[in-house]
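Participant: Got a structure for you, questions after.
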Amino acid sequence: MTQEYLIGELSVRLEQLQAATARGAAGDVARLQHQVETGTLTGLASAAVRALALADDLCWQSLSRGDTVAFARQAEVSADLRQFGVCSRLLRDSQSLNGCREQRCAGGGDSCQDEPR
């Protein structure tokens, strides 16, 4: 994958997270998106980790306000962000839902499949 592709895909996912977020917290997402778009490839992995942590915080904030609609949208974007991070090897899949530790992308796309142990 090219650097521009990785930056663009991560930026799109952050834009989706921003759209699913209340105005007050959307600024944090916008700042991270700007860092991704102006940063280097070596900084993308840490940006992906920060993006997931931010998405997690936003989900908890939505739940604490009782905003289940925002939570559902943020959780969906967060899952997509995580999958992209793992498949692009920006993130390690150290804990998956089905117990497998490693995943690989099928056909260079965004979908992952379990790798045999």
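All residue names refer to the structure tokens as shown: chains lettered A, B, ... in order, residues numbered from 1 in each chain, ligands numbered from 1 in order.
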Show me, as a ChimeraX atom specification, the residues that have an atom within 9 Å of Ala75 in chain A when counting only C-alpha atoms, minus same-chain residues fewer than 5 positions from it.
Facilitator: /A:55-56,59,70,80
Participant: Store the residues picked out above in a file with C-alpha atoms, as a PDB file, in the first residue's frame.
Facilitator:
```
ATOM      1  CA  ALA A  55     -13.146   6.509  19.510  1.00  0.00           C
ATOM      2  CA  ASP A  56     -13.381   4.444  22.696  1.00  0.00           C
ATOM      3  CA  CYS A  59     -18.324   5.821  22.747  1.00  0.00           C
ATOM      4  CA  ALA A  70     -24.371   8.301  18.605  1.00  0.00           C
ATOM      5  CA  ASP A  80     -14.015  -0.202  10.810  1.00  0.00           C
TER       6      ASP A  80
END
```
Participant: If we count only C-alpha atoms and set the cut-off at 10 Å, which residues sit around Thr21 in chain A, ignoring sequence neighbours fewer than 6 positions away in its own chain? Please answer as a list in words.
Facilitator: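 Counting only the stated atoms, we get Glu15, Gly27, Val29, Ala55, Leu58, Cys59, Gln61, Ser62, Ala70, Phe71, Arg73 and Gln74 of chain A.
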Participant: Kindly export the residues of the current selection with C-alpha atoms, as a CSV table (one decimal), in the first residue's frame.
Facilitator:
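The resulting result-v8.csv:
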```
chain,number,residue,atom,x,y,z
A,15,GLU,CA,-13.8,12.1,9.1
A,27,GLY,CA,-12.4,19.1,17.6
A,29,VAL,CA,-11.0,14.2,16.0
A,55,ALA,CA,-13.1,6.5,19.5
A,58,LEU,CA,-16.3,9.0,22.5
A,59,CYS,CA,-18.3,5.8,22.7
A,61,GLN,CA,-19.2,9.6,26.6
A,62,SER,CA,-22.2,8.8,24.4
A,70,ALA,CA,-24.4,8.3,18.6
A,71,PHE,CA,-22.9,5.3,20.4
A,73,ARG,CA,-22.6,5.1,14.9
A,74,GLN,CA,-19.3,5.6,16.8
```
Participant: Would you pick out the contacts of Asp28 in chain A at 12 Å or less, using only C-alpha atoms, so that residues sharing its chain but fewer than 6 positions from it are not included, and give the list as JSON, numbers by chain?
Facilitator: {"A": [14, 15, 17, 18, 21, 22, 34, 35, 50, 51, 53, 54, 55, 57, 58]}
Participant: Would you save the residues of that selection, restricted to N, CA and C atoms, as a PDB file, in the first residue's frame?
Facilitator:
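Written file, selection_19.pdb:
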```
ATOM      1  N   LEU A  14     -11.385   8.847  10.174  1.00  0.00           N
ATOM      2  CA  LEU A  14     -11.472   9.898  11.184  1.00  0.00           C
ATOM      3  C   LEU A  14     -12.578  10.897  10.843  1.00  0.00           C
ATOM      4  N   GLU A  15     -12.742  11.181   9.575  1.00  0.00           N
ATOM      5  CA  GLU A  15     -13.839  12.059   9.144  1.00  0.00           C
ATOM      6  C   GLU A  15     -15.190  11.435   9.495  1.00  0.00           C
ATOM      7  N   LEU A  17     -15.712   9.341  11.944  1.00  0.00           N
ATOM      8  CA  LEU A  17     -15.839   9.421  13.395  1.00  0.00           C
ATOM      9  C   LEU A  17     -16.256  10.828  13.806  1.00  0.00           C
ATOM     10  N   GLN A  18     -15.685  11.822  13.174  1.00  0.00           N
ATOM     11  CA  GLN A  18     -16.042  13.205  13.471  1.00  0.00           C
ATOM     12  C   GLN A  18     -17.520  13.461  13.174  1.00  0.00           C
ATOM     13  N   THR A  21     -19.891  12.373  15.917  1.00  0.00           N
ATOM     14  CA  THR A  21     -19.526  12.891  17.232  1.00  0.00           C
ATOM     15  C   THR A  21     -20.151  14.258  17.491  1.00  0.00           C
ATOM     16  N   ALA A  22     -20.480  14.505  18.745  1.00  0.00           N
ATOM     17  CA  ALA A  22     -21.010  15.814  19.137  1.00  0.00           C
ATOM     18  C   ALA A  22     -19.967  16.902  18.876  1.00  0.00           C
ATOM     19  N   HIS A  34      -5.930  16.148  11.092  1.00  0.00           N
ATOM     20  CA  HIS A  34      -4.938  17.065  10.527  1.00  0.00           C
ATOM     21  C   HIS A  34      -3.527  16.513  10.715  1.00  0.00           C
ATOM     22  N   GLN A  35      -3.251  15.942  11.889  1.00  0.00           N
ATOM     23  CA  GLN A  35      -1.936  15.346  12.142  1.00  0.00           C
ATOM     24  C   GLN A  35      -1.665  14.190  11.192  1.00  0.00           C
ATOM     25  N   ARG A  50      -4.021   6.237  18.709  1.00  0.00           N
ATOM     26  CA  ARG A  50      -4.711   7.382  19.318  1.00  0.00           C
ATOM     27  C   ARG A  50      -6.145   7.476  18.818  1.00  0.00           C
ATOM     28  N   ALA A  51      -6.363   7.186  17.538  1.00  0.00           N
ATOM     29  CA  ALA A  51      -7.712   7.235  16.974  1.00  0.00           C
ATOM     30  C   ALA A  51      -8.622   6.220  17.658  1.00  0.00           C
ATOM     31  N   ALA A  53      -8.232   4.971  20.685  1.00  0.00           N
ATOM     32  CA  ALA A  53      -8.446   5.407  22.062  1.00  0.00           C
ATOM     33  C   ALA A  53      -9.473   6.542  22.100  1.00  0.00           C
ATOM     34  N   LEU A  54      -9.380   7.456  21.151  1.00  0.00           N
ATOM     35  CA  LEU A  54     -10.331   8.555  21.072  1.00  0.00           C
ATOM     36  C   LEU A  54     -11.733   8.028  20.777  1.00  0.00           C
ATOM     37  N   ALA A  55     -11.850   7.097  19.842  1.00  0.00           N
ATOM     38  CA  ALA A  55     -13.146   6.509  19.510  1.00  0.00           C
ATOM     39  C   ALA A  55     -13.748   5.811  20.726  1.00  0.00           C
ATOM     40  N   ASP A  57     -13.171   6.540  23.904  1.00  0.00           N
ATOM     41  CA  ASP A  57     -13.632   7.587  24.817  1.00  0.00           C
ATOM     42  C   ASP A  57     -14.958   8.187  24.359  1.00  0.00           C
ATOM     43  N   LEU A  58     -15.055   8.445  23.056  1.00  0.00           N
ATOM     44  CA  LEU A  58     -16.289   9.031  22.524  1.00  0.00           C
ATOM     45  C   LEU A  58     -17.473   8.095  22.721  1.00  0.00           C
TER      46      LEU A  58
END
```
Participant: Counting only C-alpha atoms, what is within 10 Å of Leu41 in chain A, bar same-chain residues fewer than 3 positions away, as a VMD selection string?
Facilitator: chain A and resid 2 to 4 6 to 7 36 to 38 44 to 45 47 90
Participant: Name the closest residue to Thr42 in chain A among the candidates A:Trp60, A:Gln16, A:Arg89, A:Ala26; distances are taken between atoms, counting only C-alpha atoms.
Facilitator: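 For Thr42 in chain A, the nearest of the candidates is A:Arg89.
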Participant: What gap, in Å, lies between CA of Arg31 in chain A and CA of Asp93 in chain A?
Facilitator: 25.6 Å
Participant: I'd like to know which of A:Leu52, A:Gly39, A:Arg23, A:Ser11 is closest to Val86 in chain A, using only C-alpha atoms.
Facilitator: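 When distances to Val86 in chain A are compared using only C-alpha atoms, the smallest one comes from A:Leu52.
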Participant: Can you pull out the residues contacting Ala48 in chain A? Cut-off 8 Å, using only C-alpha atoms, and skip same-chain residues under 6 positions away; I want them as a PyMOL selection string.
Facilitator: chain A and resi 10+81+85+90-91
Participant: Could you turn the residues from that selection into a file that holds C-alpha atoms, as an mmCIF file, in the first residue's frame?
Facilitator:
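Writing done, so here's part.cif:
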```cif
data_model
loop_
_atom_site.group_PDB
_atom_site.id
_atom_site.type_symbol
_atom_site.label_atom_id
_atom_site.label_comp_id
_atom_site.auth_asym_id
_atom_site.auth_seq_id
_atom_site.Cartn_x
_atom_site.Cartn_y
_atom_site.Cartn_z
ATOM 1 C CA LEU A 10 -7.148 6.685 7.934
ATOM 2 C CA LEU A 81 -11.060 1.866 12.017
ATOM 3 C CA GLY A 85 -5.538 -0.617 11.198
ATOM 4 C CA LEU A 90 -0.692 -0.135 11.482
ATOM 5 C CA LEU A 91 -2.139 -2.000 14.476
#
```
Participant: Have a look at A:Val77, A:Val12, A:Val69, A:Cys87 and name the one nearest to Gln33 in chain A; count only C-alpha atoms.
Facilitator: A:Val12
